[in-house]
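A.B. asks: See data_30.csv below, with CSV, C-alpha atoms (C1' of nucleotides).
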```csv
chain,number,residue,atom,x,y,z
A,1,MET,CA,100.5,-38.9,-32.8
A,2,ALA,CA,101.5,-37.3,-29.9
A,3,PRO,CA,99.5,-36.3,-27.1
A,4,LYS,CA,99.4,-33.0,-28.2
A,5,LYS,CA,102.4,-32.8,-30.2
A,6,LYS,CA,104.5,-35.3,-31.8
A,7,ALA,CA,104.7,-37.1,-35.0
A,8,ARG,CA,103.9,-40.4,-36.2
A,9,VAL,CA,104.8,-42.2,-39.2
A,10,SER,CA,105.3,-39.5,-41.4
A,11,GLU,CA,102.7,-40.3,-43.8
A,12,ARG,CA,103.2,-37.0,-45.3
A,13,ALA,CA,102.5,-37.2,-48.9
A,14,VAL,CA,101.1,-34.7,-50.9
A,15,ASN,CA,97.6,-35.3,-50.4
A,16,SER,CA,94.8,-33.6,-51.9
A,17,GLY,CA,92.9,-35.4,-54.4
A,18,LYS,CA,89.8,-37.0,-54.1
A,19,ASP,CA,88.4,-38.5,-51.1
A,20,ASP,CA,88.3,-42.0,-51.9
A,21,GLY,CA,86.3,-43.4,-49.2
A,22,GLU,CA,83.6,-42.0,-47.4
A,23,THR,CA,83.0,-38.5,-46.7
A,24,ALA,CA,83.9,-37.3,-43.3
A,25,SER,CA,82.9,-40.2,-41.4
A,26,PRO,CA,81.0,-39.7,-38.3
A,27,VAL,CA,83.6,-37.9,-36.5
A,28,LYS,CA,82.9,-38.9,-33.0
A,29,GLN,CA,83.1,-35.9,-30.9
A,30,LYS,CA,84.0,-36.1,-27.3
A,31,VAL,CA,84.1,-33.8,-24.5
A,32,GLY,CA,85.8,-30.7,-24.9
A,33,ASP,CA,85.2,-30.4,-28.6
A,34,LYS,CA,82.8,-27.7,-29.1
A,35,ARG,CA,82.2,-28.0,-32.7
A,36,LYS,CA,78.8,-29.5,-32.9
A,37,VAL,CA,78.6,-32.2,-35.4
A,38,SER,CA,75.3,-31.5,-36.9
A,39,ALA,CA,73.9,-34.9,-36.8
A,40,GLU,CA,75.8,-36.3,-39.7
A,41,SER,CA,74.9,-33.3,-41.7
A,42,GLY,CA,72.7,-35.5,-43.7
A,43,LYS,CA,75.4,-37.4,-45.5
A,44,SER,CA,74.2,-40.7,-46.5
A,45,LYS,CA,77.4,-42.5,-46.9
A,46,GLU,CA,79.0,-42.4,-43.5
A,47,SER,CA,80.9,-45.3,-42.3
A,48,SER,CA,81.3,-46.4,-45.8
A,49,GLU,CA,83.4,-49.5,-46.3
A,50,SER,CA,81.8,-51.4,-49.0
A,51,PRO,CA,79.1,-53.6,-47.8
A,52,GLY,CA,81.1,-56.6,-48.4
A,53,SER,CA,84.3,-55.5,-46.8
A,54,PRO,CA,85.2,-57.5,-43.8
A,55,HIS,CA,85.2,-55.5,-40.6
A,56,TYR,CA,88.4,-55.8,-38.8
A,57,CYS,CA,88.9,-55.5,-35.1
A,58,HIS,CA,92.7,-55.7,-34.8
A,59,TRP,CA,95.3,-53.2,-36.2
A,60,LEU,CA,98.9,-52.5,-36.8
A,61,MET,CA,100.2,-48.9,-36.7
A,62,LYS,CA,103.6,-47.9,-37.8
A,63,SER,CA,105.7,-45.2,-36.2
A,64,GLU,CA,109.4,-44.3,-36.3
A,65,PRO,CA,111.3,-44.9,-33.1
A,66,GLU,CA,114.5,-43.2,-34.3
A,67,SER,CA,115.1,-39.5,-34.8
A,68,ARG,CA,114.6,-38.2,-38.3
A,69,PHE,CA,114.1,-34.6,-39.2
A,70,GLU,CA,111.4,-33.4,-41.5
A,71,ASN,CA,111.5,-29.7,-42.1
A,72,GLY,CA,113.6,-29.3,-39.1
A,73,ILE,CA,111.2,-31.3,-36.9
A,74,ASP,CA,112.0,-34.6,-35.3
A,75,VAL,CA,109.3,-37.1,-36.2
A,76,LYS,CA,110.6,-39.7,-33.7
A,77,PHE,CA,107.9,-41.5,-31.8
A,78,GLY,CA,108.6,-44.9,-30.6
A,79,ILE,CA,106.6,-47.0,-28.1
A,80,GLU,CA,108.8,-45.7,-25.3
A,81,ASP,CA,107.7,-42.2,-26.2
A,82,LEU,CA,104.1,-43.2,-25.9
A,83,LYS,CA,104.7,-45.0,-22.7
A,84,ALA,CA,106.3,-41.8,-21.3
A,85,LEU,CA,103.3,-39.6,-21.8
A,86,SER,CA,100.9,-38.8,-19.2
A,87,ASN,CA,98.1,-41.3,-19.4
A,88,GLN,CA,100.4,-43.1,-21.8
A,89,THR,CA,98.0,-41.9,-24.4
A,90,SER,CA,98.5,-40.0,-27.6
A,91,CYS,CA,96.6,-39.0,-30.7
A,92,TRP,CA,97.8,-40.6,-33.9
A,93,ASP,CA,98.1,-37.5,-36.0
A,94,GLY,CA,99.8,-37.0,-39.3
A,95,VAL,CA,98.3,-39.8,-41.3
A,96,ARG,CA,98.0,-38.5,-44.9
A,97,ASN,CA,97.1,-41.6,-46.8
A,98,TYR,CA,93.4,-42.3,-47.6
A,99,GLN,CA,93.5,-46.0,-47.0
A,100,ALA,CA,95.3,-45.6,-43.7
A,101,ARG,CA,92.8,-42.9,-42.7
A,102,ASN,CA,89.9,-45.0,-43.7
A,103,PHE,CA,91.1,-47.8,-41.5
A,104,MET,CA,91.5,-45.5,-38.6
A,105,ARG,CA,87.9,-44.4,-39.1
A,106,GLN,CA,86.8,-48.0,-38.7
A,107,MET,CA,88.5,-48.4,-35.4
A,108,LYS,CA,86.4,-48.8,-32.3
A,109,GLU,CA,87.2,-48.0,-28.7
A,110,GLY,CA,88.7,-50.9,-26.9
A,111,GLN,CA,90.2,-52.5,-30.0
A,112,LEU,CA,93.9,-53.4,-29.9
A,113,ALA,CA,96.7,-52.3,-32.3
A,114,PHE,CA,100.2,-53.5,-32.6
A,115,PHE,CA,102.7,-50.7,-32.3
A,116,TYR,CA,105.2,-51.3,-35.1
A,117,HIS,CA,108.6,-49.7,-35.4
A,118,SER,CA,109.5,-48.7,-38.9
A,119,ASN,CA,112.3,-47.1,-40.7
A,120,CYS,CA,114.8,-48.0,-38.1
A,121,LYS,CA,117.6,-50.4,-37.3
A,122,GLU,CA,115.4,-53.2,-36.3
A,123,PRO,CA,111.9,-52.9,-37.7
A,124,GLY,CA,109.2,-55.0,-36.0
A,125,ILE,CA,106.4,-55.1,-33.5
A,126,ALA,CA,107.3,-53.6,-30.2
A,127,GLY,CA,104.1,-53.6,-28.2
A,128,ILE,CA,100.3,-53.2,-28.0
A,129,THR,CA,98.1,-50.2,-27.7
A,130,GLU,CA,94.4,-49.8,-27.2
A,131,ILE,CA,92.2,-47.5,-29.2
A,132,VAL,CA,90.8,-45.2,-26.6
A,133,LYS,CA,89.1,-42.6,-28.8
A,134,GLU,CA,87.6,-43.2,-32.1
A,135,ALA,CA,88.2,-41.1,-35.2
A,136,TYR,CA,88.0,-37.3,-35.0
A,137,VAL,CA,89.5,-34.4,-36.9
A,138,ASP,CA,93.3,-34.3,-37.1
A,139,HIS,CA,94.0,-30.7,-36.1
A,140,THR,CA,97.5,-30.8,-37.5
A,141,GLN,CA,96.1,-30.6,-41.1
A,142,PHE,CA,95.3,-26.9,-40.4
A,143,ASP,CA,98.5,-26.0,-38.7
A,144,LYS,CA,100.9,-24.3,-41.0
A,145,LYS,CA,103.7,-25.0,-38.7
A,146,ASP,CA,103.1,-28.7,-38.6
A,147,VAL,CA,105.0,-31.1,-40.8
A,148,HIS,CA,101.7,-32.5,-42.0
A,149,TYR,CA,99.9,-29.3,-42.8
A,150,ASP,CA,97.6,-29.7,-45.7
A,151,ALA,CA,96.7,-26.6,-47.5
A,152,THR,CA,94.0,-28.3,-49.5
A,153,SER,CA,92.0,-29.3,-46.4
A,154,LYS,CA,89.3,-26.9,-45.4
A,155,ALA,CA,87.9,-26.4,-41.9
A,156,ASP,CA,84.4,-27.0,-43.0
A,157,ASN,CA,85.3,-30.3,-44.6
A,158,PRO,CA,88.5,-31.8,-43.0
A,159,LYS,CA,90.2,-34.5,-44.9
A,160,TRP,CA,92.2,-36.1,-42.2
A,161,SER,CA,91.3,-38.0,-39.1
A,162,MET,CA,93.1,-39.4,-36.1
A,163,VAL,CA,92.4,-41.7,-33.2
A,164,ASP,CA,93.8,-41.8,-29.7
A,165,VAL,CA,95.8,-44.8,-28.6
A,166,GLN,CA,96.9,-45.8,-25.1
A,167,TYR,CA,99.9,-47.8,-24.3
A,168,GLN,CA,98.9,-51.3,-23.2
A,169,ARG,CA,102.1,-53.3,-22.9
A,170,MET,CA,105.3,-54.3,-24.6
A,171,MET,CA,105.5,-57.5,-26.4
A,172,LYS,CA,107.1,-60.2,-24.2
A,173,ARG,CA,109.8,-60.1,-26.7
A,174,PHE,CA,110.3,-57.8,-29.7
A,175,LEU,CA,109.0,-59.4,-32.9
A,176,PRO,CA,111.3,-58.5,-35.7
A,177,LEU,CA,110.0,-57.9,-39.2
A,178,SER,CA,112.5,-60.5,-40.4
A,179,GLU,CA,110.9,-63.2,-38.3
A,180,LEU,CA,107.4,-62.2,-39.3
A,181,LYS,CA,108.5,-62.3,-42.9
A,182,LYS,CA,109.8,-65.9,-42.5
A,183,TYR,CA,106.5,-67.0,-41.3
A,184,HIS,CA,104.8,-65.0,-44.0
A,185,LEU,CA,106.8,-66.8,-46.7
A,186,GLN,CA,106.3,-70.1,-45.1
A,187,HIS,CA,102.6,-69.6,-44.8
A,188,ARG,CA,102.4,-68.3,-48.3
A,189,ALA,CA,104.0,-71.5,-49.5
A,190,LYS,CA,102.2,-74.0,-47.4
A,191,GLY,CA,99.4,-72.2,-45.9
A,192,GLY,CA,99.1,-70.5,-42.6
A,193,PRO,CA,97.7,-67.5,-40.9
A,194,LEU,CA,100.2,-64.9,-42.1
A,195,LYS,CA,100.0,-65.7,-45.7
A,196,ASP,CA,98.1,-62.5,-46.6
A,197,MET,CA,99.3,-60.3,-43.8
A,198,ALA,CA,99.1,-56.6,-44.9
A,199,LEU,CA,102.5,-55.9,-43.5
A,200,PHE,CA,103.8,-57.8,-46.5
A,201,THR,CA,101.1,-57.5,-49.1
A,202,ARG,CA,100.6,-53.8,-48.5
A,203,ALA,CA,104.0,-52.9,-47.2
A,204,ARG,CA,103.6,-49.1,-47.4
A,205,LEU,CA,100.4,-48.8,-45.5
A,206,SER,CA,101.1,-47.2,-42.1
A,207,VAL,CA,97.8,-48.2,-40.6
A,208,GLN,CA,96.6,-51.7,-41.4
A,209,PRO,CA,94.1,-54.2,-40.3
A,210,LEU,CA,94.8,-57.8,-39.1
A,211,THR,CA,92.3,-60.6,-39.1
A,212,THR,CA,91.8,-62.3,-35.8
A,213,GLU,CA,93.8,-65.3,-37.0
A,214,GLU,CA,96.7,-63.0,-37.9
A,215,PHE,CA,96.5,-61.2,-34.6
A,216,ASP,CA,96.4,-64.3,-32.5
A,217,PHE,CA,99.2,-66.0,-34.4
A,218,VAL,CA,101.5,-63.0,-34.0
A,219,LEU,CA,100.6,-62.9,-30.3
A,220,SER,CA,101.5,-66.6,-30.0
A,221,LEU,CA,105.0,-65.8,-31.2
A,222,GLU,CA,105.8,-64.0,-28.0
A,223,ASP,CA,106.1,-67.3,-26.2
A,224,LYS,CA,108.1,-69.0,-28.9
A,225,GLU,CA,111.8,-69.0,-29.5
A,226,PRO,CA,112.8,-66.6,-32.2
A,227,LEU,CA,112.6,-68.3,-35.5
A,228,ARG,CA,115.9,-68.8,-37.1
A,229,THR,CA,117.1,-70.2,-40.3
B,230,DG,C1',122.3,-44.3,-49.2
B,231,DC,C1',120.0,-47.1,-52.7
B,232,DC,C1',116.1,-48.3,-54.8
B,233,DA,C1',111.6,-51.2,-55.5
B,234,DA,C1',107.0,-50.7,-54.9
B,235,DC,C1',103.3,-48.0,-55.1
B,236,DG,C1',100.2,-43.9,-54.3
B,237,DT,C1',99.3,-39.3,-56.3
B,238,DT,C1',99.3,-35.7,-59.8
B,239,DG,C1',98.2,-33.7,-63.9
B,240,DG,C1',98.3,-33.6,-69.1
B,241,DC,C1',95.7,-35.0,-72.6
C,242,DG,C1',89.5,-41.6,-67.4
C,243,DC,C1',94.1,-43.3,-68.9
C,244,DC,C1',98.6,-43.4,-67.8
C,245,DA,C1',103.5,-41.5,-67.5
C,246,DA,C1',106.0,-38.8,-64.5
C,247,DC,C1',106.8,-37.9,-60.0
C,248,DG,C1',107.2,-38.4,-55.0
C,249,DT,C1',107.2,-41.2,-50.8
C,250,DT,C1',107.8,-45.3,-47.9
C,251,DG,C1',110.6,-48.1,-45.7
C,252,DG,C1',113.5,-52.3,-45.9
C,253,DC,C1',118.0,-53.5,-46.7
```
For this file, write the structure as structure tokens.
C.D. replies:
Amino acid sequence: MAPKKKARVSERAVNSGKDDGETASPVKQKVGDKRKVSAESGKSKESSESPGSPHYCHWLMKSEPESRFENGIDVKFGIEDLKALSNQTSCWDGVRNYQARNFMRQMKEGQLAFFYHSNCKEPGIAGITEIVKEAYVDHTQFDKKDVHYDATSKADNPKWSMVDVQYQRMMKRFLPLSELKKYHLQHRAKGGPLKDMALFTRARLSVQPLTTEEFDFVLSLEDKEPLRT
DNA sequence: GCCAACGTTGGC
DNA sequence: GCCAACGTTGGC
């Protein structure tokens, strides 16, 4: 996810395999992209998601704020890195997990996503980004030099998508995973908005949805004293 | 650095 | 299409 270069939450993973969800979702083209998307190429599926699946409008996206080298390439990309880019905007490339990809394909312009710092000293929610461009082809899947190159993905049927996110703001205070987890456990025991939060129930997913209740509750923590116990 | 959890691969 | 082996994620 970097504006034009950078990495995200290494979601590397040997992909290939069946496309679980939909077929190439309506890759929304934007200016500059010459490839004409032949009007859905007649696919019937398109924005799949089972009919019954709730449609989310808030997200959490993980990225690593500390240096880590993968094939000689540093995958570091924390919220400060996003903030430093021109336009404070970056594409979120490198996602190589079908569920995470499918969630990105559901994202709509204007929606908000928590920027989560993972695989670091203090994991947790650092800030908020806005989705500024809906899912389109992740070019890094075709780049042999890229850490997330996918030899099994073909140009005429790309497997991986990405969205563009723009820095919105830092959390008023960093929200550590440890604190969120305390709430999660508490809510799981006695009920509460974080009882089913994906961060804990689907720990390895790098792009995950939040219900409005979850999102609002997390936001409310900004104004509270850090939970201790 | 360890390792639990879990997604993916591939044999059958 | 099952499922064991394998590989990755990511907290600790």
A.B. asks: Just to confirm, what's the straight-line distance from atom CA of A:Asn102 to atom CA of A:Gly127 in Å (one decimal)?
C.D. replies: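 Interatomic distance, atom CA of A:Asn102 to atom CA of A:Gly127: 22.7 Å.
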A.B. asks: Starting from chain C, keep only residues with some atom at most 7 Å from an atom of chain A, counting all atoms listed in the file, and report them as a ChimeraX atom specification.
C.D. replies: /C:249-251
A.B. asks: Write to file, as a CSV table (one decimal), in the coordinates of the input, the residues of the selection just made, with C-alpha atoms (C1' of nucleotides).
C.D. replies:
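Output contents, as saved in again.csv:
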```csv
chain,number,residue,atom,x,y,z
C,249,DT,C1',107.2,-41.2,-50.8
C,250,DT,C1',107.8,-45.3,-47.9
C,251,DG,C1',110.6,-48.1,-45.7
```
A.B. asks: Could you work out how far atom CA of A:Lys159 lies from atom C1' of C:DG252, giving the answer in Å with one decimal?
C.D. replies: 29.3 Å
A.B. asks: What does the distance between atom CA of A:Gly192 and atom CA of A:Arg105 come to in Å, to one decimal place?
C.D. replies: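 Straight-line distance from atom CA of A:Gly192 to atom CA of A:Arg105 works out to 28.6 Å.
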A.B. asks: Within 8 Å of (88.5, -32.2, -36.6) (file coordinates; only C-alpha atoms (C1' of nucleotides)), which protein or nucleic acid residues are there? I'd like them as a compact mmCIF listing (two decimals) with C-alpha atoms, in the coordinates of the input.
C.D. replies:
```
# COMPACT_ATOMS: atom_id res chain seq x y z
CA VAL A 27 83.60 -37.90 -36.50
CA TYR A 136 88.00 -37.30 -35.00
CA VAL A 137 89.50 -34.40 -36.90
CA ASP A 138 93.30 -34.30 -37.10
CA HIS A 139 94.00 -30.70 -36.10
CA ALA A 155 87.90 -26.40 -41.90
CA PRO A 158 88.50 -31.80 -43.00
CA TRP A 160 92.20 -36.10 -42.20
CA SER A 161 91.30 -38.00 -39.10
```
A.B. asks: First collect every listed atom of chain B; then fit an axis-aligned box around them, widen it by 3 Å on each side, and give centre and edge lengths in Å to one decimal, as AutoDock Vina command-line options.
C.D. replies:
```
--center_x 109.0 --center_y -42.4 --center_z -60.9 --size_x 32.6 --size_y 23.6 --size_z 29.4
```
A.B. asks: Find the spatial neighbours of B:DC241, counting all atoms listed in the file, within a cut-off of 12 Å - ignore same-chain residues fewer than 3 positions away - and output them as a PyMOL selection string.
C.D. replies: chain C and resi 242-245
A.B. asks: Tell me, as a ChimeraX atom specification, which residues lie within 9 Å of A:Lys108, counting all atoms listed in the file; anything in the same chain fewer than 4 positions away does not count.
C.D. replies: /A:57,104,131-135
